[in-house]
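Participant: Take this structure first; my questions come after.
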Amino acid sequence: MKASPPDTLQLMREIVAVPSVSSVSPDIDMGNQGVINKLAGWLEDLGFHVEVLPLVANPDKANLIATLGKGQGGLVLAGHTDTVPFDESRWHYNPLDLTEADGRLYGMGTCDMKGFFALAIAAARRYSAAALQAPLVIVATADEESTMNGARELAASGRLQAGHVVIGEPTGLRPVRMHKGMMMEAIRLVGRSGHSSDPSLGVNAMEGMHRVLADVLAWRDELQQRYRDDAFAVASPTLNLGRIFGGDNPNRICAHCELHYDLRPLPGMLPDSLRDEIGRRLTALTGGSGLELEMYTLMESVPPFESSPASAIVAAAEELTGTAAESAAYSTEAPFFKQCGMDTVVLGPGDIAQAHQPDEFIALNRIQPTVVLLDGLIRRFCVQAGSS
């Protein structure tokens with residue numbers, strides 16, 4: 001006879017204890033197999049059929065798909081197993097040890113968002129495959145905090161079949177049906193160096209970047225006039241100039257200068273179209289200047305996400321929480337599930353204000369309401385599937 005998984009807080013304690021940092025910096029990037037293996041074992045003990053899928057891009061990392069029951073439709077409870085990097089010296093508690101204090105559970109990933117898996121398992125353990133009219137699926141991904149390659153690979157694989165998805169990111173138990181996208185882009189100008197005493201000896205890339213900066217800011221103003229959605233707290237797309245560097249010495253004409261920016265598009269704004277638009281502008285601006293223009297993507301973009309307010313999962317989430325669906329400024333894996341034709345909502349117990357910070361926590365009074373909420377969704381979409 002298979003063992004029963006530990007109680008809810010012990011589940012959370014065990015996955016918090018396994019570090020699973022993902023980062024674009026290779027020296028601090030980690031695998032997530034330790035977390036995946038724990039989830040796989042617990043879910044197999046509950047009768048789930050479990051698939052562990054190593055990433056093509058990095059076999060040290062893996063996604064997990066665990067399925068209870070058979071048929072079409074059903075419900076997916078999804079989340080990511082990785083966390084952002086952390087500085088232990090800034091924590092008042094051990095980040096890799098679940099600590100209860102002041103009505104809170106402190107630990108790395110409690111809020112964002114390994115803790116969600118413990119609550120999903122707590123809700124799922126009440127059911128057997130025989131009790132379900134449609135499948136219950138738990139999906140765990142890799143690398144959401146860096147490249148989102150886990151969700152990208154899952155979407156491309158065609159393995160995601162269930163009809164309705166809850167992504168347990170921290171929303172304060174308020175359903176989120178739309179969020180902005182994320183683009184991180186680079187503009188590089190290459191000129192020609194020379195002695196600073198005679199400007200005619202070279203082509204100054206930094207001076208060219210001054211003109212580029214002005215045009216990028218003008219483009220931002222145009223985008224904010226063209227696009228607006230009052231459902232968002234920041235109703236227009238944002239463009240942040242995040243980093244600029246170039247040259248090597250004051251007495252040399254600057255031969256190269258590079259700008260990095262972050263663009264957060266609203267639903268309906270397509271990343272490829274935006275790249276084409278700024279590319280055309282800057283090509284025209286720098287033409288005939290003697291400067292070579294290079295543009296490249298720092299990180300593959302995350303598209304904006306939007307689910308219909310009339311969708312079944314949004315309506316169910318609103319009914320069960322008693323809260324109207326909202327928008328969010330941050331990005332999640334939701335658009336990759338939506339690309340598979342899945343009915344998607346973002347809904348989890350943590351608060352975004354606690355994410356990515358020292359002393360990350362989830363409030364104890366969110367634990368049981370989340371389990372009750374997930375149980376209600378399982379009943380709606382898996383037990384009483386004909387009514388969904």
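Labeling convention for the structure tokens: chains A, B, ... as they appear, residues from 1 per chain, ligands from 1 in order of appearance.
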Near range 136-146 of chain A, counting only C-alpha atoms, which residues have an atom at most 9 Å away, once you skip same-chain residues fewer than 5 positions from it, shown as a PyMOL selection string?
Facilitator: chain A and resi 21-24+31-32+36+39+43+48+55+61-70+74-84+117+120-121+124+129+151+154+162+299+332-333+378+381-382
Participant: Quick one: write out the picked residues with N, CA and C atoms as a short mmCIF file (atom, residue, chain, number, x, y, z; two decimals), in the first residue's frame?
Facilitator:
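Just written: part34.cif:
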```cif
data_model
loop_
_atom_site.label_atom_id
_atom_site.label_comp_id
_atom_site.auth_asym_id
_atom_site.auth_seq_id
_atom_site.Cartn_x
_atom_site.Cartn_y
_atom_site.Cartn_z
N VAL A 21 16.49 28.03 -7.18
CA VAL A 21 16.66 29.36 -7.77
C VAL A 21 16.83 29.24 -9.28
N SER A 22 16.12 30.06 -10.02
CA SER A 22 16.42 30.21 -11.45
C SER A 22 16.85 31.64 -11.71
N SER A 23 17.85 31.77 -12.54
CA SER A 23 18.44 33.08 -12.79
C SER A 23 19.06 33.10 -14.17
N VAL A 24 19.09 34.28 -14.77
CA VAL A 24 19.81 34.43 -16.04
C VAL A 24 21.31 34.46 -15.82
N GLY A 31 19.03 23.87 -10.72
CA GLY A 31 17.99 23.00 -11.23
C GLY A 31 16.80 22.98 -10.28
N ASN A 32 15.71 22.35 -10.73
CA ASN A 32 14.50 22.24 -9.90
C ASN A 32 14.10 20.79 -9.66
N ILE A 36 10.63 18.85 -8.06
CA ILE A 36 9.83 18.02 -8.95
C ILE A 36 9.74 16.60 -8.43
N LEU A 39 7.25 16.41 -5.51
CA LEU A 39 5.87 16.49 -6.00
C LEU A 39 5.46 15.19 -6.69
N LEU A 43 2.30 12.89 -5.48
CA LEU A 43 1.14 12.75 -6.37
C LEU A 43 0.96 11.30 -6.82
N PHE A 48 -2.20 9.70 -8.87
CA PHE A 48 -2.01 10.44 -10.11
C PHE A 48 -1.06 9.69 -11.04
N LEU A 55 13.59 19.59 -19.52
CA LEU A 55 13.58 20.63 -20.55
C LEU A 55 14.60 20.30 -21.63
N LYS A 61 16.67 20.64 -15.54
CA LYS A 61 15.40 21.21 -15.09
C LYS A 61 14.27 20.43 -15.75
N ALA A 62 13.10 20.45 -15.12
CA ALA A 62 12.01 19.63 -15.62
C ALA A 62 10.66 20.25 -15.31
N ASN A 63 9.69 19.92 -16.14
CA ASN A 63 8.28 20.16 -15.86
C ASN A 63 7.66 18.86 -15.36
N LEU A 64 6.50 18.99 -14.74
CA LEU A 64 5.75 17.83 -14.27
C LEU A 64 4.30 17.98 -14.69
N ILE A 65 3.72 16.89 -15.18
CA ILE A 65 2.28 16.82 -15.44
C ILE A 65 1.75 15.61 -14.69
N ALA A 66 0.85 15.83 -13.75
CA ALA A 66 0.27 14.75 -12.96
C ALA A 66 -1.23 14.76 -13.18
N THR A 67 -1.78 13.61 -13.58
CA THR A 67 -3.19 13.52 -13.99
C THR A 67 -3.92 12.48 -13.17
N LEU A 68 -5.08 12.89 -12.64
CA LEU A 68 -5.98 12.00 -11.92
C LEU A 68 -7.29 11.94 -12.69
N GLY A 69 -7.68 10.74 -13.11
CA GLY A 69 -8.90 10.59 -13.88
C GLY A 69 -8.65 10.69 -15.37
N LYS A 70 -9.71 10.49 -16.14
CA LYS A 70 -9.61 10.47 -17.60
C LYS A 70 -10.72 11.30 -18.20
N GLY A 74 -11.95 19.21 -17.75
CA GLY A 74 -11.34 19.10 -16.43
C GLY A 74 -10.67 20.38 -15.99
N LEU A 75 -9.79 20.23 -15.00
CA LEU A 75 -9.16 21.38 -14.35
C LEU A 75 -7.67 21.15 -14.21
N VAL A 76 -6.89 22.18 -14.52
CA VAL A 76 -5.44 22.19 -14.29
C VAL A 76 -5.14 23.18 -13.17
N LEU A 77 -4.42 22.72 -12.17
CA LEU A 77 -3.87 23.60 -11.13
C LEU A 77 -2.38 23.72 -11.43
N ALA A 78 -1.92 24.90 -11.77
CA ALA A 78 -0.58 25.07 -12.32
C ALA A 78 0.23 26.09 -11.53
N GLY A 79 1.55 25.88 -11.56
CA GLY A 79 2.46 26.83 -10.93
C GLY A 79 3.89 26.52 -11.28
N HIS A 80 4.79 27.38 -10.82
CA HIS A 80 6.21 27.18 -11.09
C HIS A 80 6.94 26.78 -9.82
N THR A 81 7.98 25.98 -10.01
CA THR A 81 8.72 25.41 -8.88
C THR A 81 9.97 26.20 -8.52
N ASP A 82 10.31 27.20 -9.30
CA ASP A 82 11.54 27.96 -9.06
C ASP A 82 11.25 29.22 -8.25
N THR A 83 12.30 29.77 -7.68
CA THR A 83 12.22 31.05 -6.97
C THR A 83 13.27 32.00 -7.54
N VAL A 84 13.14 33.26 -7.18
CA VAL A 84 14.18 34.23 -7.50
C VAL A 84 15.38 33.99 -6.59
N PHE A 117 1.57 24.55 -4.28
CA PHE A 117 1.49 23.11 -4.55
C PHE A 117 1.03 22.34 -3.32
N ALA A 120 -2.68 22.80 -3.29
CA ALA A 120 -3.32 22.03 -4.36
C ALA A 120 -3.40 20.56 -4.00
N ILE A 121 -2.32 20.02 -3.41
CA ILE A 121 -2.31 18.62 -2.99
C ILE A 121 -3.30 18.40 -1.86
N ALA A 124 -6.56 18.15 -3.55
CA ALA A 124 -6.66 16.99 -4.45
C ALA A 124 -6.75 15.68 -3.70
N ALA A 129 -9.73 8.82 -8.54
CA ALA A 129 -10.04 8.90 -9.97
C ALA A 129 -11.49 8.52 -10.23
N ALA A 151 7.22 26.74 -19.28
CA ALA A 151 5.88 26.92 -19.85
C ALA A 151 5.94 26.99 -21.37
N LEU A 154 6.18 23.40 -22.59
CA LEU A 154 4.91 22.70 -22.41
C LEU A 154 3.89 23.12 -23.47
N ALA A 162 -6.37 19.74 -20.82
CA ALA A 162 -7.55 20.04 -20.00
C ALA A 162 -8.09 21.43 -20.31
N MET A 299 15.54 38.99 -23.69
CA MET A 299 14.83 37.82 -23.21
C MET A 299 13.60 37.63 -24.07
N THR A 332 2.88 36.52 -16.00
CA THR A 332 2.85 35.15 -15.53
C THR A 332 2.95 34.21 -16.74
N GLU A 333 2.82 32.91 -16.46
CA GLU A 333 2.82 31.91 -17.53
C GLU A 333 1.47 31.79 -18.22
N ILE A 378 -12.45 22.08 -8.09
CA ILE A 378 -12.37 20.67 -8.48
C ILE A 378 -13.78 20.08 -8.62
N PHE A 381 -15.40 21.57 -11.93
CA PHE A 381 -14.89 21.22 -13.25
C PHE A 381 -14.49 19.75 -13.42
N CYS A 382 -14.41 19.02 -12.32
CA CYS A 382 -14.00 17.60 -12.42
C CYS A 382 -15.07 16.63 -11.92
#
```
Participant: Name the residues in contact with Ala101 in chain A at a cut-off of 10 Å, using only C-alpha atoms, excluding same-chain residues fewer than 4 positions from it; report them as JSON, numbers by chain.
Facilitator: {"A": [93, 105, 106, 361, 363, 364]}
Participant: For the selection you just gave me, I'd like the residues written to a file as a JSON list (two decimals), in the first residue's frame, keeping N, CA and C atoms.
Facilitator:
```json
[["chain", "number", "residue", "atom", "x", "y", "z"],
["A", 93, "TYR", "N", 14.62, 35.19, 9.16],
["A", 93, "TYR", "CA", 14.35, 33.76, 9.34],
["A", 93, "TYR", "C", 15.17, 33.00, 8.30],
["A", 105, "LEU", "N", 3.57, 32.25, 7.65],
["A", 105, "LEU", "CA", 4.53, 31.20, 7.35],
["A", 105, "LEU", "C", 5.62, 31.81, 6.49],
["A", 106, "TYR", "N", 6.82, 31.95, 7.04],
["A", 106, "TYR", "CA", 7.94, 32.54, 6.34],
["A", 106, "TYR", "C", 8.76, 31.45, 5.65],
["A", 361, "PHE", "N", 6.50, 35.61, 2.83],
["A", 361, "PHE", "CA", 5.59, 34.84, 3.68],
["A", 361, "PHE", "C", 4.25, 34.67, 3.01],
["A", 363, "ALA", "N", 0.23, 34.31, 4.62],
["A", 363, "ALA", "CA", -0.54, 34.43, 5.86],
["A", 363, "ALA", "C", -1.21, 33.10, 6.18],
["A", 364, "LEU", "N", -1.16, 32.72, 7.45],
["A", 364, "LEU", "CA", -1.79, 31.47, 7.87],
["A", 364, "LEU", "C", -3.29, 31.46, 7.58]]
```
Participant: For range 323-326 of chain A, work out the shell of residues within 10 Å, counting only C-alpha atoms and skipping chain neighbours fewer than 2 positions away, then give it as a PDB file with N, CA and C atoms, in the first residue's frame.
Facilitator:
```pdb
ATOM      1  N   THR A 171      -2.113  36.423  -5.858  1.00  0.00           N
ATOM      2  CA  THR A 171      -3.100  37.445  -6.212  1.00  0.00           C
ATOM      3  C   THR A 171      -3.944  37.862  -5.017  1.00  0.00           C
ATOM      4  N   LEU A 173      -5.904  35.919  -3.380  1.00  0.00           N
ATOM      5  CA  LEU A 173      -7.180  35.222  -3.574  1.00  0.00           C
ATOM      6  C   LEU A 173      -8.203  36.079  -4.311  1.00  0.00           C
ATOM      7  N   ARG A 174      -7.716  36.969  -5.180  1.00  0.00           N
ATOM      8  CA  ARG A 174      -8.576  37.725  -6.077  1.00  0.00           C
ATOM      9  C   ARG A 174      -8.266  37.268  -7.503  1.00  0.00           C
ATOM     10  N   PRO A 175      -9.274  36.858  -8.257  1.00  0.00           N
ATOM     11  CA  PRO A 175      -8.985  36.363  -9.611  1.00  0.00           C
ATOM     12  C   PRO A 175      -8.442  37.460 -10.514  1.00  0.00           C
ATOM     13  N   VAL A 176      -7.458  37.097 -11.323  1.00  0.00           N
ATOM     14  CA  VAL A 176      -6.857  38.001 -12.308  1.00  0.00           C
ATOM     15  C   VAL A 176      -7.096  37.401 -13.688  1.00  0.00           C
ATOM     16  N   ARG A 177      -7.755  38.142 -14.562  1.00  0.00           N
ATOM     17  CA  ARG A 177      -8.062  37.616 -15.893  1.00  0.00           C
ATOM     18  C   ARG A 177      -7.263  38.285 -17.010  1.00  0.00           C
ATOM     19  N   MET A 178      -6.426  39.257 -16.643  1.00  0.00           N
ATOM     20  CA  MET A 178      -5.627  39.921 -17.672  1.00  0.00           C
ATOM     21  C   MET A 178      -4.382  40.543 -17.046  1.00  0.00           C
ATOM     22  N   HIS A 179      -3.301  40.507 -17.794  1.00  0.00           N
ATOM     23  CA  HIS A 179      -2.097  41.210 -17.351  1.00  0.00           C
ATOM     24  C   HIS A 179      -1.281  41.666 -18.547  1.00  0.00           C
ATOM     25  N   ALA A 231      -8.902  49.268 -17.170  1.00  0.00           N
ATOM     26  CA  ALA A 231      -8.979  48.141 -16.246  1.00  0.00           C
ATOM     27  C   ALA A 231      -7.671  47.955 -15.484  1.00  0.00           C
ATOM     28  N   PHE A 232      -6.595  48.585 -15.951  1.00  0.00           N
ATOM     29  CA  PHE A 232      -5.293  48.481 -15.298  1.00  0.00           C
ATOM     30  C   PHE A 232      -5.038  49.705 -14.424  1.00  0.00           C
ATOM     31  N   ALA A 233      -4.372  49.489 -13.296  1.00  0.00           N
ATOM     32  CA  ALA A 233      -4.012  50.607 -12.421  1.00  0.00           C
ATOM     33  C   ALA A 233      -3.122  51.598 -13.161  1.00  0.00           C
ATOM     34  N   SER A 307      -8.252  36.871 -20.549  1.00  0.00           N
ATOM     35  CA  SER A 307      -9.354  35.927 -20.655  1.00  0.00           C
ATOM     36  C   SER A 307     -10.661  36.708 -20.666  1.00  0.00           C
ATOM     37  N   PRO A 309     -14.237  37.948 -19.667  1.00  0.00           N
ATOM     38  CA  PRO A 309     -14.940  37.973 -18.379  1.00  0.00           C
ATOM     39  C   PRO A 309     -16.074  36.950 -18.324  1.00  0.00           C
ATOM     40  N   VAL A 314     -13.198  32.036 -15.188  1.00  0.00           N
ATOM     41  CA  VAL A 314     -13.265  33.363 -14.571  1.00  0.00           C
ATOM     42  C   VAL A 314     -14.560  33.501 -13.781  1.00  0.00           C
ATOM     43  N   ALA A 315     -15.679  33.081 -14.394  1.00  0.00           N
ATOM     44  CA  ALA A 315     -16.966  33.177 -13.705  1.00  0.00           C
ATOM     45  C   ALA A 315     -16.976  32.339 -12.429  1.00  0.00           C
ATOM     46  N   ALA A 317     -14.337  31.434 -10.616  1.00  0.00           N
ATOM     47  CA  ALA A 317     -13.433  32.053  -9.648  1.00  0.00           C
ATOM     48  C   ALA A 317     -14.089  33.258  -8.986  1.00  0.00           C
ATOM     49  N   GLU A 318     -14.811  34.051  -9.761  1.00  0.00           N
ATOM     50  CA  GLU A 318     -15.512  35.204  -9.185  1.00  0.00           C
ATOM     51  C   GLU A 318     -16.589  34.746  -8.200  1.00  0.00           C
ATOM     52  N   GLU A 319     -17.340  33.720  -8.578  1.00  0.00           N
ATOM     53  CA  GLU A 319     -18.419  33.235  -7.716  1.00  0.00           C
ATOM     54  C   GLU A 319     -17.873  32.673  -6.406  1.00  0.00           C
ATOM     55  N   LEU A 320     -16.818  31.879  -6.500  1.00  0.00           N
ATOM     56  CA  LEU A 320     -16.297  31.202  -5.308  1.00  0.00           C
ATOM     57  C   LEU A 320     -15.508  32.133  -4.393  1.00  0.00           C
ATOM     58  N   THR A 321     -14.923  33.191  -4.945  1.00  0.00           N
ATOM     59  CA  THR A 321     -14.192  34.143  -4.109  1.00  0.00           C
ATOM     60  C   THR A 321     -15.052  35.329  -3.697  1.00  0.00           C
ATOM     61  N   ALA A 328      -3.537  42.800 -13.680  1.00  0.00           N
ATOM     62  CA  ALA A 328      -2.272  42.864 -12.952  1.00  0.00           C
ATOM     63  C   ALA A 328      -1.204  43.474 -13.849  1.00  0.00           C
ATOM     64  N   VAL A 345      -7.261  31.457 -15.676  1.00  0.00           N
ATOM     65  CA  VAL A 345      -7.329  32.537 -14.704  1.00  0.00           C
ATOM     66  C   VAL A 345      -6.115  32.415 -13.785  1.00  0.00           C
ATOM     67  N   VAL A 346      -5.658  33.543 -13.263  1.00  0.00           N
ATOM     68  CA  VAL A 346      -4.564  33.572 -12.290  1.00  0.00           C
ATOM     69  C   VAL A 346      -5.193  33.825 -10.931  1.00  0.00           C
ATOM     70  N   LEU A 347      -4.888  32.939  -9.957  1.00  0.00           N
ATOM     71  CA  LEU A 347      -5.566  33.023  -8.666  1.00  0.00           C
ATOM     72  C   LEU A 347      -4.773  32.235  -7.633  1.00  0.00           C
TER      73      LEU A 347
END
```
Participant: Could you write out, as a list in words, all the residues of range 65-174 of chain A that DSSP marks as helix (DSSP H, G or I)?
Facilitator: Glu88, Ser89, Arg90, Gly115, Phe116, Phe117, Ala118, Leu119, Ala120, Ile121, Ala122, Ala123, Ala124, Ala129, Ala130, Ala131, Asn149, Gly150, Ala151, Arg152, Glu153, Leu154, Ala155, Ala156 and Ser157 of chain A
Participant: Print the selection's residues with C-alpha atoms to a file, as a short mmCIF file (atom, residue, chain, number, x, y, z; two decimals), in the first residue's frame.
Facilitator:
```
data_model
loop_
_atom_site.label_atom_id
_atom_site.label_comp_id
_atom_site.auth_asym_id
_atom_site.auth_seq_id
_atom_site.Cartn_x
_atom_site.Cartn_y
_atom_site.Cartn_z
CA GLU A 88 20.11 35.07 3.34
CA SER A 89 21.83 37.86 5.28
CA ARG A 90 18.77 40.09 4.74
CA GLY A 115 3.52 26.98 -1.32
CA PHE A 116 0.60 26.73 -3.76
CA PHE A 117 1.49 23.11 -4.55
CA ALA A 118 1.01 22.08 -0.92
CA LEU A 119 -2.49 23.60 -0.99
CA ALA A 120 -3.32 22.03 -4.36
CA ILE A 121 -2.31 18.62 -2.99
CA ALA A 122 -4.36 19.24 0.17
CA ALA A 123 -7.44 19.80 -2.01
CA ALA A 124 -6.66 16.99 -4.45
CA ALA A 129 -10.04 8.90 -9.97
CA ALA A 130 -13.37 7.09 -9.68
CA ALA A 131 -15.00 10.21 -8.20
CA ASN A 149 11.23 28.08 -20.82
CA GLY A 150 9.26 25.51 -18.84
CA ALA A 151 5.88 26.92 -19.85
CA ARG A 152 7.11 27.66 -23.37
CA GLU A 153 8.15 24.03 -23.86
CA LEU A 154 4.91 22.70 -22.41
CA ALA A 155 2.86 24.90 -24.72
CA ALA A 156 4.88 23.78 -27.74
CA SER A 157 4.63 20.09 -26.78
#
```
Participant: Please extract the residues of range 117-321 of chain A with a backbone DSSP assignment of strand (DSSP E or B) and present them as a count of residues only.
Facilitator: 58
Participant: Find the residues near Arg281 in chain A: any atom within 10 Å, counting only C-alpha atoms, skip ones fewer than 6 places away on the same chain, and give them as an NGL selection string.
Facilitator: :A and (212 or 215-216 or 219)
Participant: Between CA of Ser327 in chain A and CA of Thr147 in chain A, what is the distance, to one decimal in Å?
Facilitator: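 Those two atoms sit 22.4 Å apart.
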Participant: In Å, rounded to a single decimal, give me how far CA of Phe245 in chain A is from CA of Ser197 in chain A.
Facilitator: 22.0 Å
Participant: Between A:Gly348, A:Asn204, A:Glu185, A:Arg226, single out the one closest to Pro271 in chain A, counting only C-alpha atoms.
Facilitator: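 Among the listed residues, the smallest separation from Pro271 in chain A belongs to A:Glu185.
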Participant: What does the distance from CA of Gln224 in chain A to CA of Ser236 in chain A come to in Å, to one decimal?
Facilitator: 5.3 Å
